[in-house]
file target_6.cif (mmCIF, C-alpha atoms)
data_input
loop_
_atom_site.label_atom_id
_atom_site.label_comp_id
_atom_site.auth_asym_id
_atom_site.auth_seq_id
_atom_site.Cartn_x
_atom_site.Cartn_y
_atom_site.Cartn_z
CA MET A 94 28.98 88.93 57.56
CA LEU A 95 30.01 91.55 60.09
CA GLU A 96 32.05 90.10 62.94
CA PHE A 97 32.85 91.58 66.32
CA GLU A 98 36.14 91.00 68.11
CA SER A 99 34.57 90.86 71.56
CA LEU A 100 31.25 90.80 73.38
CA ARG A 101 32.08 94.26 74.68
CA ASN A 102 32.05 95.50 71.08
CA VAL A 103 28.65 93.85 70.54
CA LEU A 104 27.33 95.64 73.62
CA ARG A 105 28.67 98.99 72.39
CA ALA A 106 27.61 98.59 68.74
CA PRO A 107 24.37 100.02 67.37
CA ALA A 108 21.59 97.42 67.20
CA ARG A 109 21.45 97.73 63.39
CA LEU A 110 25.05 96.47 63.11
CA VAL A 111 24.35 93.53 65.40
CA GLU A 112 21.25 92.83 63.31
CA ARG A 113 23.42 92.48 60.20
CA THR A 114 25.37 89.70 61.95
CA VAL A 115 22.22 87.66 62.58
CA GLU A 116 20.33 88.68 59.45
CA ARG A 117 19.88 85.10 58.21
CA THR A 118 17.86 84.13 61.28
CA THR A 119 14.16 84.78 61.86
CA TRP A 120 13.39 88.23 63.26
CA PRO A 121 17.00 89.48 63.28
CA ASP A 122 15.93 92.92 64.54
CA LEU A 123 14.38 91.43 67.68
CA LYS A 124 17.32 89.08 68.21
CA ALA A 125 19.81 91.93 67.97
CA GLU A 126 17.88 94.03 70.46
CA ARG A 127 17.46 91.14 72.90
CA MET A 128 21.11 90.15 72.58
CA LYS A 129 22.19 93.62 73.57
CA LEU A 130 19.74 93.71 76.49
CA ALA A 131 20.97 90.34 77.78
CA LEU A 132 24.62 91.36 77.43
CA GLY A 133 23.87 94.59 79.28
CA ALA A 134 22.33 92.62 82.14
CA VAL A 135 25.31 90.21 82.28
CA HIS A 136 27.67 93.21 82.33
CA TYR A 137 25.71 94.77 85.20
CA TRP A 138 25.21 91.63 87.29
CA ARG A 139 28.78 90.46 86.72
CA LYS A 140 30.15 93.90 87.74
CA GLY A 141 31.68 94.76 84.38
CA GLN A 142 32.55 91.26 83.19
CA LEU A 143 31.03 89.89 80.00
CA ASN A 144 31.28 86.15 80.53
CA LEU A 145 29.35 83.37 82.21
CA GLU A 146 32.23 81.87 84.16
CA ASN A 147 30.12 82.24 87.31
CA LEU A 148 27.91 79.42 86.00
CA ARG A 149 30.68 76.80 86.04
CA SER A 150 30.28 76.11 89.75
CA MET A 151 26.48 75.94 89.51
CA SER A 152 24.28 72.93 88.84
CA ASP A 153 22.42 72.82 85.52
CA TRP A 154 19.28 73.97 87.32
CA GLU A 155 21.01 76.88 89.08
CA ALA A 156 22.74 78.01 85.89
CA SER A 157 19.46 77.86 83.97
CA PHE A 158 17.72 79.77 86.79
CA TRP A 159 20.39 82.51 86.60
CA MET A 160 20.20 82.89 82.81
CA GLU A 161 16.40 82.84 82.68
CA HIS A 162 16.40 86.02 84.71
CA LEU A 163 18.24 87.84 81.92
CA PRO A 164 15.96 89.94 79.67
CA ASP A 165 14.09 87.78 77.12
CA VAL A 166 16.09 84.64 77.91
CA GLY A 167 13.87 81.57 78.19
CA ARG A 168 14.67 77.99 79.02
CA LYS A 169 15.49 76.97 75.44
CA THR A 170 18.04 79.77 75.08
CA ALA A 171 19.51 79.05 78.51
CA TRP A 172 19.88 75.37 77.69
CA CYS A 173 21.40 76.16 74.28
CA VAL A 174 24.07 78.14 76.12
CA LEU A 175 24.60 75.30 78.59
CA LEU A 176 24.97 72.70 75.82
CA PHE A 177 26.72 74.52 72.98
CA SER A 178 29.04 76.92 74.84
CA THR A 179 32.27 76.00 76.59
CA LEU A 180 30.13 75.07 79.62
CA ARG A 181 29.30 71.79 77.77
CA ARG A 182 26.42 70.60 79.94
CA ALA A 183 24.47 67.51 78.85
CA VAL A 184 21.09 69.23 78.56
CA LEU A 185 18.63 69.06 75.66
CA PRO A 186 17.19 72.37 74.41
CA VAL A 187 13.58 71.93 73.30
CA ASP A 188 12.09 74.06 70.54
CA THR A 189 8.73 73.87 68.78
CA GLY A 190 9.87 71.07 66.49
CA PHE A 191 11.28 68.94 69.29
CA LYS A 192 8.11 69.25 71.35
CA ARG A 193 5.95 68.45 68.32
CA PHE A 194 8.07 65.37 67.56
CA ALA A 195 7.90 64.13 71.17
CA ILE A 196 4.11 64.54 71.32
CA ARG A 197 3.63 62.78 68.00
CA PHE A 198 5.83 59.88 69.14
CA GLY A 199 3.96 59.63 72.43
CA THR A 200 6.98 60.42 74.63
CA LEU A 201 5.59 63.74 75.89
CA SER A 202 2.13 64.59 77.11
CA MET A 203 0.35 67.44 75.32
CA SER A 204 -0.35 68.93 78.77
CA THR A 205 3.36 69.30 79.57
CA ASN A 206 4.34 72.97 79.46
CA TRP A 207 7.39 74.30 77.65
CA ALA A 208 9.60 74.65 80.70
CA GLN A 209 8.78 71.17 82.01
CA ALA A 210 9.30 69.60 78.57
CA HIS A 211 13.05 70.23 78.86
CA TYR A 212 13.30 68.14 82.02
CA VAL A 213 10.90 65.43 80.85
CA LEU A 214 12.77 64.86 77.57
CA ARG A 215 16.22 65.08 79.17
CA LYS A 216 15.20 62.31 81.60
CA GLN A 217 14.39 60.11 78.59
CA LEU A 218 17.96 60.27 77.31
CA PRO A 219 20.58 57.85 78.68
CA SER A 220 21.75 59.23 82.03
CA ASN A 221 25.41 58.60 81.18
CA TRP A 222 25.41 60.68 77.99
CA ASN A 223 27.84 63.58 77.94
CA ALA A 224 27.42 66.91 76.15
CA ASP A 225 28.99 65.61 72.93
CA GLN A 226 26.50 62.76 72.73
CA VAL A 227 23.54 65.02 73.51
CA GLU A 228 24.71 67.49 70.86
CA ILE A 229 24.96 64.75 68.22
CA PHE A 230 21.46 63.56 69.15
CA HIS A 231 20.14 67.14 69.09
CA ASN A 232 21.56 67.87 65.65
CA THR A 233 20.47 64.52 64.21
CA LEU A 234 16.93 64.90 65.54
CA LYS A 235 16.77 68.49 64.27
CA ARG A 236 17.63 67.31 60.74
CA PHE A 237 15.05 64.53 60.99
CA ILE A 238 12.34 66.95 62.11
CA GLN A 239 13.17 69.36 59.28
CA ALA A 240 12.94 66.52 56.75
CA TYR A 241 9.92 64.59 58.01
CA CYS A 242 8.24 65.88 61.16
CA LYS A 243 7.40 69.45 60.18
CA ALA A 244 4.11 71.15 61.05
CA GLU A 245 2.81 69.51 57.86
CA PRO A 246 4.43 66.09 58.32
CA ALA A 247 5.74 63.79 55.59
CA CYS A 248 4.36 60.64 57.25
CA SER A 249 4.10 58.63 54.03
CA VAL A 250 7.88 58.73 53.50
CA CYS A 251 9.01 58.92 57.14
CA PRO A 252 11.27 55.96 58.04
CA LEU A 253 9.92 55.99 61.61
CA HIS A 254 6.19 56.26 60.88
CA GLY A 255 5.58 52.72 62.17
CA MET A 256 6.87 53.76 65.62
CA CYS A 257 4.95 57.03 65.69
CA VAL A 258 1.54 57.41 67.32
CA PHE A 259 0.70 60.28 64.97
CA GLY A 260 2.07 58.46 61.91
CA LYS A 261 0.04 55.34 62.62
CA GLY A 262 -3.06 57.50 62.93
CA GLN A 263 -2.29 59.20 59.62
CA CYS A 264 -1.85 55.87 57.87
CA SER A 265 -5.09 54.47 59.31
CA GLY A 266 -7.04 57.64 58.61
CA GLU A 267 -7.45 58.47 62.31
CA ALA A 268 -6.81 61.95 63.62
CA GLY A 269 -3.40 62.37 65.22
CA PRO A 270 -2.79 64.52 68.30
CA HIS A 271 -3.36 68.23 67.84
CA ILE A 272 -0.20 70.22 68.46
CA GLU A 273 -0.75 73.64 69.96
CA ARG A 274 1.42 76.57 69.01
CA ARG A 275 3.79 77.87 71.63
CA LYS A 276 2.50 80.76 73.71
CA ARG A 277 5.11 83.37 74.60
CA SER A 278 5.44 83.70 78.34
CA SER A 279 8.08 83.51 81.01
CA SER A 280 9.60 80.05 80.79
CA PHE A 281 10.80 79.96 84.37
CA GLN A 282 8.86 77.41 86.36
CA GLU A 283 9.23 75.49 89.58
CA SER A 284 12.31 73.52 90.52
CA PRO A 285 12.64 70.22 88.59
CA ASP A 286 12.38 68.18 91.78
CA GLN A 287 8.87 69.60 92.25
CA LEU A 288 7.63 68.61 88.81
CA GLU A 289 5.41 65.67 88.09
CA PHE A 290 6.51 64.02 84.87
CA ASP A 291 4.08 62.25 82.57
#

call {"tool": "encode", "arguments": {"input": "target_6.cif", "output": "structure tokens"}}
result
Amino acid sequence: MLEFESLRNVLRAPARLVERTVERTTWPDLKAERMKLALGAVHYWRKGQLNLENLRSMSDWEASFWMEHLPDVGRKTAWCVLLFSTLRRAVLPVDTGFKRFAIRFGTLSMSTNWAQAHYVLRKQLPSNWNADQVEIFHNTLKRFIQAYCKAEPACSVCPLHGMCVFGKGQCSGEAGPHIERRKRSSSFQESPDQLEFD
């Protein structure tokens, strides 16, 4: 795999070379293009710097707000940066699988939008968890979802089906909740203190 020595080299490189670095992901061409656009915006807004050190003094909400104004950066990407980078914030990025799991287990309303889902699910984690604990939970739940709680779920062999609203419905022959596909739109929503959580 092609590796770059610095973010500045990523910004300067042709998109096709960046694409080779992320070729094992879905839509690597789009990711390479968006990565370069976001880096270009950071470089411009940070007056030539290519780092996010300005976020260290911000709250999680302020840092997310700042990143979500970068080109094609939504809340999930912003929260991935907050959790997995050296910023190490105890936030829980929510993707399609996580939202599907939470709806099936009855911990998230189907009416909750994508941006709100991040705050709703983070509030359900222990308030004293640090970034390491949230990351372990994130990675464990991701593996569980990939094994059992896919779009076509494996309810009959799922070790948690007895705790799952959807799983109980599957076992009894009732229809489980319908999970809508994510609609691409700006993820930036109102401040978390203005949200009404289900």

call {"tool": "resolve_selection", "arguments": {"input": "target_6.cif", "expression": "the PyMOL selection byres ((chain A and resi 228) around 12)", "output": "MDAnalysis selection string"}}
result
chainID A and resid 172:178 181:186 218 222:227 229:235

call {"tool": "write_last_selection", "arguments": {"input": "target_6.cif", "atoms": "C-alpha atoms", "output": "PDB file, in the frame of the given file"}}
result
ATOM      1  CA  TRP A 172      19.880  75.370  77.690  1.00  0.00           C
ATOM      2  CA  CYS A 173      21.400  76.160  74.280  1.00  0.00           C
ATOM      3  CA  VAL A 174      24.070  78.140  76.120  1.00  0.00           C
ATOM      4  CA  LEU A 175      24.600  75.300  78.590  1.00  0.00           C
ATOM      5  CA  LEU A 176      24.970  72.700  75.820  1.00  0.00           C
ATOM      6  CA  PHE A 177      26.720  74.520  72.980  1.00  0.00           C
ATOM      7  CA  SER A 178      29.040  76.920  74.840  1.00  0.00           C
ATOM      8  CA  ARG A 181      29.300  71.790  77.770  1.00  0.00           C
ATOM      9  CA  ARG A 182      26.420  70.600  79.940  1.00  0.00           C
ATOM     10  CA  ALA A 183      24.470  67.510  78.850  1.00  0.00           C
ATOM     11  CA  VAL A 184      21.090  69.230  78.560  1.00  0.00           C
ATOM     12  CA  LEU A 185      18.630  69.060  75.660  1.00  0.00           C
ATOM     13  CA  PRO A 186      17.190  72.370  74.410  1.00  0.00           C
ATOM     14  CA  LEU A 218      17.960  60.270  77.310  1.00  0.00           C
ATOM     15  CA  TRP A 222      25.410  60.680  77.990  1.00  0.00           C
ATOM     16  CA  ASN A 223      27.840  63.580  77.940  1.00  0.00           C
ATOM     17  CA  ALA A 224      27.420  66.910  76.150  1.00  0.00           C
ATOM     18  CA  ASP A 225      28.990  65.610  72.930  1.00  0.00           C
ATOM     19  CA  GLN A 226      26.500  62.760  72.730  1.00  0.00           C
ATOM     20  CA  VAL A 227      23.540  65.020  73.510  1.00  0.00           C
ATOM     21  CA  ILE A 229      24.960  64.750  68.220  1.00  0.00           C
ATOM     22  CA  PHE A 230      21.460  63.560  69.150  1.00  0.00           C
ATOM     23  CA  HIS A 231      20.140  67.140  69.090  1.00  0.00           C
ATOM     24  CA  ASN A 232      21.560  67.870  65.650  1.00  0.00           C
ATOM     25  CA  THR A 233      20.470  64.520  64.210  1.00  0.00           C
ATOM     26  CA  LEU A 234      16.930  64.900  65.540  1.00  0.00           C
ATOM     27  CA  LYS A 235      16.770  68.490  64.270  1.00  0.00           C
TER      28      LYS A 235
END

call {"tool": "residues_around", "arguments": {"input": "target_6.cif", "residues": "Leu148 of chain A", "least_positions_apart": "3", "cutoff": "10 Å", "atoms": "only C-alpha atoms", "output": "count of residues only"}}
result
12

call {"tool": "closest_residue", "arguments": {"input": "target_6.cif", "among": "A:Asn221, A:Tyr137, A:Val213, A:Arg197", "to": "Leu253 of chain A", "atoms": "all atoms listed in the file"}}
result
A:Arg197

call {"tool": "atom_distance", "arguments": {"input": "target_6.cif", "atom1": "atom CA of Cys242 of chain A", "atom2": "atom CA of Phe194 of chain A"}}
result
6.4 Å

call {"tool": "atom_distance", "arguments": {"input": "target_6.cif", "atom1": "atom CA of Asp188 of chain A", "atom2": "atom CA of His211 of chain A"}}
result
9.2 Å

call {"tool": "residues_around", "arguments": {"input": "target_6.cif", "residues": "Ala108 of chain A", "least_positions_apart": "5", "cutoff": "10 Å", "atoms": "all atoms listed in the file", "output": "number ranges by chain"}}
result
A: 103, 113, 121-129

call {"tool": "resolve_selection", "arguments": {"input": "target_6.cif", "expression": "the PyMOL selection byres ((chain A and resi 96) around 10)", "output": "JSON, numbers by chain"}}
result
{"A": [94, 95, 97, 98, 99, 102, 103, 110, 111, 113, 114]}

call {"tool": "write_last_selection", "arguments": {"input": "target_6.cif", "atoms": "C-alpha atoms", "output": "PDB file, in the frame of the given file"}}
result
ATOM      1  CA  MET A  94      28.980  88.930  57.560  1.00  0.00           C
ATOM      2  CA  LEU A  95      30.010  91.550  60.090  1.00  0.00           C
ATOM      3  CA  PHE A  97      32.850  91.580  66.320  1.00  0.00           C
ATOM      4  CA  GLU A  98      36.140  91.000  68.110  1.00  0.00           C
ATOM      5  CA  SER A  99      34.570  90.860  71.560  1.00  0.00           C
ATOM      6  CA  ASN A 102      32.050  95.500  71.080  1.00  0.00           C
ATOM      7  CA  VAL A 103      28.650  93.850  70.540  1.00  0.00           C
ATOM      8  CA  LEU A 110      25.050  96.470  63.110  1.00  0.00           C
ATOM      9  CA  VAL A 111      24.350  93.530  65.400  1.00  0.00           C
ATOM     10  CA  ARG A 113      23.420  92.480  60.200  1.00  0.00           C
ATOM     11  CA  THR A 114      25.370  89.700  61.950  1.00  0.00           C
TER      12      THR A 114
END

call {"tool": "closest_residue", "arguments": {"input": "target_6.cif", "among": "A:Gln239, A:Thr189, A:Thr119, A:Gln142", "to": "Trp207 of chain A", "atoms": "only C-alpha atoms"}}
result
A:Thr189
